[in-house]
Structures are given as structure tokens and as C-alpha cells.
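*Asks:* This is the content of entry-v9.pdb (PDB, C-alpha atoms):
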ATOM      1  CA  ARG A  28     -30.294 -57.345-154.419
ATOM      2  CA  GLU A  29     -31.000 -60.979-155.365
ATOM      3  CA  CYS A  30     -27.398 -62.195-155.757
ATOM      4  CA  SER A  31     -25.036 -62.600-152.812
ATOM      5  CA  ARG A  32     -22.356 -59.927-153.018
ATOM      6  CA  GLY A  33     -20.052 -61.876-150.705
ATOM      7  CA  LEU A  34     -20.142 -65.025-152.798
ATOM      8  CA  PHE A  35     -19.437 -63.199-156.041
ATOM      9  CA  GLU A  36     -16.778 -61.068-154.379
ATOM     10  CA  ILE A  37     -14.913 -64.243-153.369
ATOM     11  CA  MET A  38     -15.256 -65.760-156.841
ATOM     12  CA  ILE A  39     -14.068 -62.620-158.628
ATOM     13  CA  ARG A  40     -11.204 -61.833-156.249
ATOM     14  CA  ALA A  41     -10.016 -65.457-156.369
ATOM     15  CA  GLN A  42      -9.419 -64.918-160.094
ATOM     16  CA  GLY A  43      -7.580 -61.627-159.603
ATOM     17  CA  GLY A  44     -10.508 -59.301-160.230
ATOM     18  CA  THR A  45     -11.433 -56.229-158.246
ATOM     19  CA  VAL A  46     -14.925 -55.762-156.881
ATOM     20  CA  GLY A  47     -16.952 -52.644-156.288
ATOM     21  CA  TRP A  48     -20.573 -52.252-155.243
ATOM     22  CA  GLU A  49     -23.300 -49.726-154.847
ATOM     23  CA  GLY A  50     -23.086 -47.949-151.510
ATOM     24  CA  PHE A  51     -20.721 -47.253-148.649
ATOM     25  CA  GLY A  52     -17.162 -48.582-148.720
ATOM     26  CA  THR A  53     -16.901 -49.337-152.415
ATOM     27  CA  PRO A  54     -13.440 -48.807-153.939
ATOM     28  CA  PHE A  55     -15.011 -47.394-157.127
ATOM     29  CA  GLU A  56     -17.297 -44.542-157.974
ATOM     30  CA  GLU A  57     -20.121 -45.576-160.294
ATOM     31  CA  THR A  58     -18.546 -43.517-163.099
ATOM     32  CA  ASP A  59     -15.063 -45.071-162.733
ATOM     33  CA  GLU A  60     -13.758 -45.930-166.202
ATOM     34  CA  ARG A  61     -11.713 -48.883-164.890
ATOM     35  CA  ILE A  62     -14.915 -50.892-164.433
ATOM     36  CA  THR A  63     -15.051 -53.387-167.304
ATOM     37  CA  HIS A  64     -17.976 -55.596-166.258
ATOM     38  CA  GLN A  65     -20.982 -54.904-164.062
ATOM     39  CA  LEU A  66     -23.175 -57.624-162.577
ATOM     40  CA  VAL A  67     -26.842 -56.883-163.023
ATOM     41  CA  ASP A  68     -29.540 -59.018-161.450
ATOM     42  CA  ARG A  69     -32.440 -56.989-162.858
ATOM     43  CA  ASP A  70     -33.654 -56.723-166.432
ATOM     44  CA  SER A  71     -33.225 -52.981-166.679
ATOM     45  CA  GLN A  72     -30.500 -50.579-165.651
ATOM     46  CA  ARG A  73     -31.305 -46.906-165.113
ATOM     47  CA  HIS A  74     -28.022 -45.705-166.597
ATOM     48  CA  GLN A  75     -25.541 -47.613-168.732
ATOM     49  CA  PHE A  76     -21.934 -46.774-169.517
ATOM     50  CA  LEU A  77     -20.894 -47.578-173.068
ATOM     51  CA  ALA A  78     -17.395 -48.796-172.125
ATOM     52  CA  ARG A  79     -18.762 -51.384-169.682
ATOM     53  CA  GLU A  80     -20.224 -54.864-170.164
ATOM     54  CA  TYR A  81     -23.433 -55.616-168.240
ATOM     55  CA  VAL A  82     -23.826 -59.284-167.358
ATOM     56  CA  GLN A  83     -25.966 -61.532-165.209
ATOM     57  CA  PRO A  84     -24.287 -63.136-162.174
ATOM     58  CA  GLN A  85     -24.297 -66.566-163.849
ATOM     59  CA  TRP A  86     -21.624 -65.268-166.239
ATOM     60  CA  VAL A  87     -19.119 -65.115-163.355
ATOM     61  CA  ALA A  88     -19.850 -68.700-162.273
ATOM     62  CA  ASP A  89     -19.727 -70.011-165.836
ATOM     63  CA  CYS A  90     -16.428 -68.205-166.530
ATOM     64  CA  LEU A  91     -14.948 -69.634-163.352
ATOM     65  CA  ASN A  92     -16.168 -73.156-164.120
ATOM     66  CA  SER A  93     -14.833 -73.057-167.684
ATOM     67  CA  SER A  94     -11.555 -71.228-166.856
ATOM     68  CA  LEU A  95     -12.355 -68.750-169.624
ATOM     69  CA  LEU A  96     -13.755 -65.278-170.054
ATOM     70  CA  LEU A  97     -16.892 -66.300-171.885
ATOM     71  CA  PRO A  98     -18.694 -64.079-174.410
ATOM     72  CA  VAL A  99     -21.001 -61.671-172.585
ATOM     73  CA  LEU A 100     -23.792 -61.397-175.149
ATOM     74  CA  PRO A 101     -25.682 -64.527-173.968
ATOM     75  CA  TYR A 102     -25.550 -63.213-170.377
ATOM     76  CA  ARG A 103     -26.810 -59.671-170.921
ATOM     77  CA  PRO A 104     -29.653 -58.449-168.696
ATOM     78  CA  GLY A 105     -33.147 -59.447-169.748
ATOM     79  CA  VAL A 106     -31.975 -62.472-171.740
ATOM     80  CA  ALA A 107     -32.330 -66.082-170.580
ATOM     81  CA  PRO A 108     -28.698 -67.160-170.038
ATOM     82  CA  PRO A 109     -27.286 -70.397-171.431
ATOM     83  CA  ALA A 110     -27.889 -73.591-169.496
ATOM     84  CA  HIS A 111     -25.554 -73.761-166.525
ATOM     85  CA  ILE A 112     -22.939 -76.468-167.003
ATOM     86  CA  SER A 113     -21.851 -78.177-163.808
ATOM     87  CA  PRO A 114     -18.120 -78.837-163.524
ATOM     88  CA  PHE A 115     -18.971 -81.916-161.435
ATOM     89  CA  VAL A 116     -20.835 -83.885-164.113
ATOM     90  CA  ASP A 117     -19.056 -86.379-166.359
ATOM     91  CA  ASP A 118     -20.922 -85.940-169.637
ATOM     92  CA  GLU A 119     -19.473 -89.109-171.183
ATOM     93  CA  GLU A 120     -20.621 -91.144-168.197
ATOM     94  CA  GLU A 121     -24.066 -89.522-168.475
ATOM     95  CA  GLY A 122     -24.157 -90.340-172.197
ATOM     96  CA  TYR A 123     -25.045 -86.784-173.259
ATOM     97  CA  VAL A 124     -22.926 -83.711-173.979
ATOM     98  CA  PRO A 125     -25.010 -80.496-173.808
ATOM     99  CA  ASP A 126     -24.580 -77.943-176.596
ATOM    100  CA  GLN A 127     -23.272 -75.374-174.097
ATOM    101  CA  ARG A 128     -20.563 -77.842-172.975
ATOM    102  CA  LYS A 129     -19.579 -78.396-176.630
ATOM    103  CA  PHE A 130     -19.362 -74.630-177.119
ATOM    104  CA  ILE A 131     -17.186 -74.221-174.011
ATOM    105  CA  LEU A 132     -14.926 -77.117-175.024
ATOM    106  CA  GLU A 133     -14.466 -75.481-178.440
ATOM    107  CA  LEU A 134     -13.542 -72.155-176.814
ATOM    108  CA  GLN A 135     -11.109 -73.916-174.462
ATOM    109  CA  GLN A 136      -9.464 -75.622-177.436
ATOM    110  CA  GLN A 137      -9.111 -72.283-179.251
ATOM    111  CA  ALA A 138      -7.620 -70.676-176.133
ATOM    112  CA  LYS A 139      -4.822 -73.248-175.765
ATOM    113  CA  GLY A 140      -1.456 -71.708-176.458
ATOM    114  CA  HIS A 141      -2.694 -68.124-176.328
ATOM    115  CA  ALA A 142      -1.123 -65.653-173.935
ATOM    116  CA  GLY A 143      -2.583 -66.187-170.511
ATOM    117  CA  ALA A 144      -4.026 -69.588-171.413
ATOM    118  CA  PHE A 145      -3.730 -72.205-168.711
ATOM    119  CA  ASP A 146      -2.981 -75.787-169.647
ATOM    120  CA  GLU A 147      -2.978 -78.863-167.415
ATOM    121  CA  GLN A 148       0.797 -79.426-167.547
ATOM    122  CA  GLU A 149       1.465 -75.828-166.572
ATOM    123  CA  GLY A 150      -1.030 -76.227-163.751
ATOM    124  CA  ALA A 151       0.752 -79.322-162.465
ATOM    125  CA  GLU A 152       4.129 -77.550-162.571
ATOM    126  CA  ASN A 153       2.769 -74.452-160.872
ATOM    127  CA  GLY A 154       1.051 -76.613-158.287
ATOM    128  CA  ALA A 155       4.381 -78.258-157.399
ATOM    129  CA  GLU A 156       6.102 -74.872-157.181
ATOM    130  CA  ASP A 157       3.281 -73.498-155.039
ATOM    131  CA  LYS A 158       3.568 -76.514-152.710
ATOM    132  CA  GLU A 159       7.338 -75.963-152.316
ATOM    133  CA  GLU A 160       6.791 -72.270-151.550
ATOM    134  CA  GLU A 161       4.022 -73.150-149.100
ATOM    135  CA  ASP A 162       6.286 -75.652-147.317
ATOM    136  CA  LYS A 163       9.072 -73.050-147.068
ATOM    137  CA  SER A 164       6.580 -70.503-145.787
ATOM    138  CA  GLU A 165       5.325 -72.935-143.129
ATOM    139  CA  GLU A 166       8.922 -73.589-142.023
ATOM    140  CA  GLY A 167       9.454 -69.837-141.733
ATOM    141  CA  ASP A 168       6.204 -69.530-139.767
ATOM    142  CA  GLU A 169       7.394 -72.200-137.312
ATOM    143  CA  GLU A 170      10.695 -70.358-136.843
ATOM    144  CA  ASP A 171       8.809 -67.089-136.295
ATOM    145  CA  GLU A 172       6.587 -68.765-133.704
ATOM    146  CA  GLU A 173       9.649 -70.124-131.861
ATOM    147  CA  GLU A 174      11.204 -66.638-131.846
ATOM    148  CA  ASP A 175       7.924 -65.176-130.567
ATOM    149  CA  ASP A 176       7.773 -67.788-127.795
ATOM    150  CA  GLU A 177      11.363 -66.982-126.788
ATOM    151  CA  GLU A 178      10.594 -63.243-126.713
ATOM    152  CA  GLU A 179       7.466 -63.848-124.625
ATOM    153  CA  GLU A 180       9.441 -65.971-122.144
ATOM    154  CA  LYS A 181      12.154 -63.309-121.939
ATOM    155  CA  PHE A 182       9.551 -60.580-121.404
ATOM    156  CA  ALA A 183       7.769 -62.650-118.726
ATOM    157  CA  ALA A 184      11.111 -63.192-116.930
ATOM    158  CA  GLU A 185      11.852 -59.454-117.051
ATOM    159  CA  LEU A 186       8.397 -58.688-115.604
ATOM    160  CA  GLU A 187       8.952 -61.200-112.793
ATOM    161  CA  ALA A 188      12.354 -59.675-112.053
ATOM    162  CA  GLU A 189      10.855 -56.167-111.922
ATOM    163  CA  LYS A 190       8.003 -57.405-109.749
ATOM    164  CA  GLY A 191      10.488 -59.076-107.363
ATOM    165  CA  ALA A 192      12.618 -55.918-107.206
ATOM    166  CA  LYS A 193       9.563 -53.788-106.327
ATOM    167  CA  GLU A 194       8.553 -56.190-103.570
ATOM    168  CA  GLU A 195      12.029 -56.075-102.025
ATOM    169  CA  ALA A 196      12.043 -52.270-102.022
TER     170      ALA A 196
END
Just give me the structure as C-alpha cells.
*Replies:*
Amino acid sequence: RECSRGLFEIMIRAQGGTVGWEGFGTPFEETDERITHQLVDRDSQRHQFLAREYVQPQWVADCLNSSLLLPVLPYRPGVAPPAHISPFVDDEEEGYVPDQRKFILELQQQAKGHAGAFDEQEGAENGAEDKEEEDKSEEGDEEDEEEDDEEEEKFAAELEAEKGAKEEA
């Protein structure tokens, strides 16, 4: 429909979510009870499941930008969603803090210390650990490439030897 499935699929999967869609190849049937949220880019939905939240695509972007699962009520279909808050704007430098930013900052403050909450120090520590693991992985990749090169050279030598033996016969 109007929103890019690929873009939202990347955003949702990057946060650990699973994505389904209408049509061929989807990992979910429409009636699957594991579906918790459904993106809707039209004001009306022909059938709604009571155990599922229906939200506009902006909800995904705003959740990602705020690092929170935001309340869904302001993003329900047919309702004008809250003003989009850019993560790239310095409100203090601009001299104005929008009400939506204040609301998000309040939610972020409330979320600190809760299970699953992400704080900056934890992020810095995890970033260092991730970098160490990435470096180790790259070293392993280099070793694997060297082994592959050796195997290819060995295989090429064996082929040449076989080829030479056939020519002599």
C-alpha cells in the first residue's frame, strides 16, 4: 500500500521484531495469535482482531527514534498521529522543546532502571564488547580465508597433476 514494506521490515527486524505481510511468502497467517501489532496505512480495517494493536507506520519510526515502545492510542488508524520528533534536532539549540519531545523524555525517564531498559552506560559497555567480538570474528574470517586459499591451491595442483597424467597416457 502506501508505506514501504521493505523499510519497515528493516526497522522492525533491527529491533528484534518479526514481520509478516499480506500475501505470498508471509511467515504468519492473518489469524495468527502471535501477532501483537499490525501496521495499517488506511483509516479502516475490514476485520480487526481484539488481541492485536492496530497502528500507523509512524508509530514504528517514533518507537525506534525514542528507544521505547510508545503508547499506541495516539497512532491508531484514522487519528492524526503526534508530531514526528526528529532524532537529529537539538531542541535546546533551537530554543524550543515540542510537547511530544517532553512526553517522550518523561517516558524515557520512567523507563530507566526497568527490566529491558537501555541506559547510555550499558550501551557504551555493550558497544565495547561488541567491538571486541567483531574484531575476534574478523580475525577468524581472515584465518578461514587463508585456509580456503590453501585448499584452492591444493585442489588446483591436484587438477594439474591429473591433467598432466592424462596427457602422458
*Asks:* With the file shown as input, list the residues that the PyMOL selection byres ((chain A and resi 105) around 8) selects, as number ranges by chain.
*Replies:* A: 69-71, 103-104, 106-107
*Asks:* Would you write out, as a PDB file with C-alpha atoms, in the coordinates of the input, every residue that the PyMOL selection byres ((chain A and resi 48) around 12) captures in this file?
*Replies:*
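Saved to result21.pdb:
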ATOM      1  CA  ARG A  28     -30.294 -57.345-154.419  1.00  0.00           C
ATOM      2  CA  SER A  31     -25.036 -62.600-152.812  1.00  0.00           C
ATOM      3  CA  ARG A  32     -22.356 -59.927-153.018  1.00  0.00           C
ATOM      4  CA  GLY A  33     -20.052 -61.876-150.705  1.00  0.00           C
ATOM      5  CA  PHE A  35     -19.437 -63.199-156.041  1.00  0.00           C
ATOM      6  CA  GLU A  36     -16.778 -61.068-154.379  1.00  0.00           C
ATOM      7  CA  THR A  45     -11.433 -56.229-158.246  1.00  0.00           C
ATOM      8  CA  VAL A  46     -14.925 -55.762-156.881  1.00  0.00           C
ATOM      9  CA  GLY A  47     -16.952 -52.644-156.288  1.00  0.00           C
ATOM     10  CA  GLU A  49     -23.300 -49.726-154.847  1.00  0.00           C
ATOM     11  CA  GLY A  50     -23.086 -47.949-151.510  1.00  0.00           C
ATOM     12  CA  PHE A  51     -20.721 -47.253-148.649  1.00  0.00           C
ATOM     13  CA  GLY A  52     -17.162 -48.582-148.720  1.00  0.00           C
ATOM     14  CA  THR A  53     -16.901 -49.337-152.415  1.00  0.00           C
ATOM     15  CA  PRO A  54     -13.440 -48.807-153.939  1.00  0.00           C
ATOM     16  CA  PHE A  55     -15.011 -47.394-157.127  1.00  0.00           C
ATOM     17  CA  GLU A  56     -17.297 -44.542-157.974  1.00  0.00           C
ATOM     18  CA  GLU A  57     -20.121 -45.576-160.294  1.00  0.00           C
ATOM     19  CA  THR A  58     -18.546 -43.517-163.099  1.00  0.00           C
ATOM     20  CA  ASP A  59     -15.063 -45.071-162.733  1.00  0.00           C
ATOM     21  CA  ILE A  62     -14.915 -50.892-164.433  1.00  0.00           C
ATOM     22  CA  HIS A  64     -17.976 -55.596-166.258  1.00  0.00           C
ATOM     23  CA  GLN A  65     -20.982 -54.904-164.062  1.00  0.00           C
ATOM     24  CA  LEU A  66     -23.175 -57.624-162.577  1.00  0.00           C
ATOM     25  CA  VAL A  67     -26.842 -56.883-163.023  1.00  0.00           C
TER      26      VAL A  67
END
*Asks:* Provide the CA of Gly191 (chain A) to CA of Glu173 (chain A) distance in Å, to one decimal place.
*Replies:*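 That distance, rounded to one decimal, is 26.9 Å.
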*Asks:* If you measure from CA of Gln83 (chain A) to CA of Pro101 (chain A), what distance in Å do you get, rounded to one decimal?
*Replies:*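 Between CA of Gln83 (chain A) and CA of Pro101 (chain A) the gap is 9.3 Å.
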*Asks:* Please identify all polymer residues within 9 Å of region 86-89 of chain A, counting only C-alpha atoms, omitting same-chain residues fewer than 2 positions from it, and present them as a ChimeraX atom specification.
*Replies:* /A:35,38-39,66,82-84,91-99,101-103,108,111-113
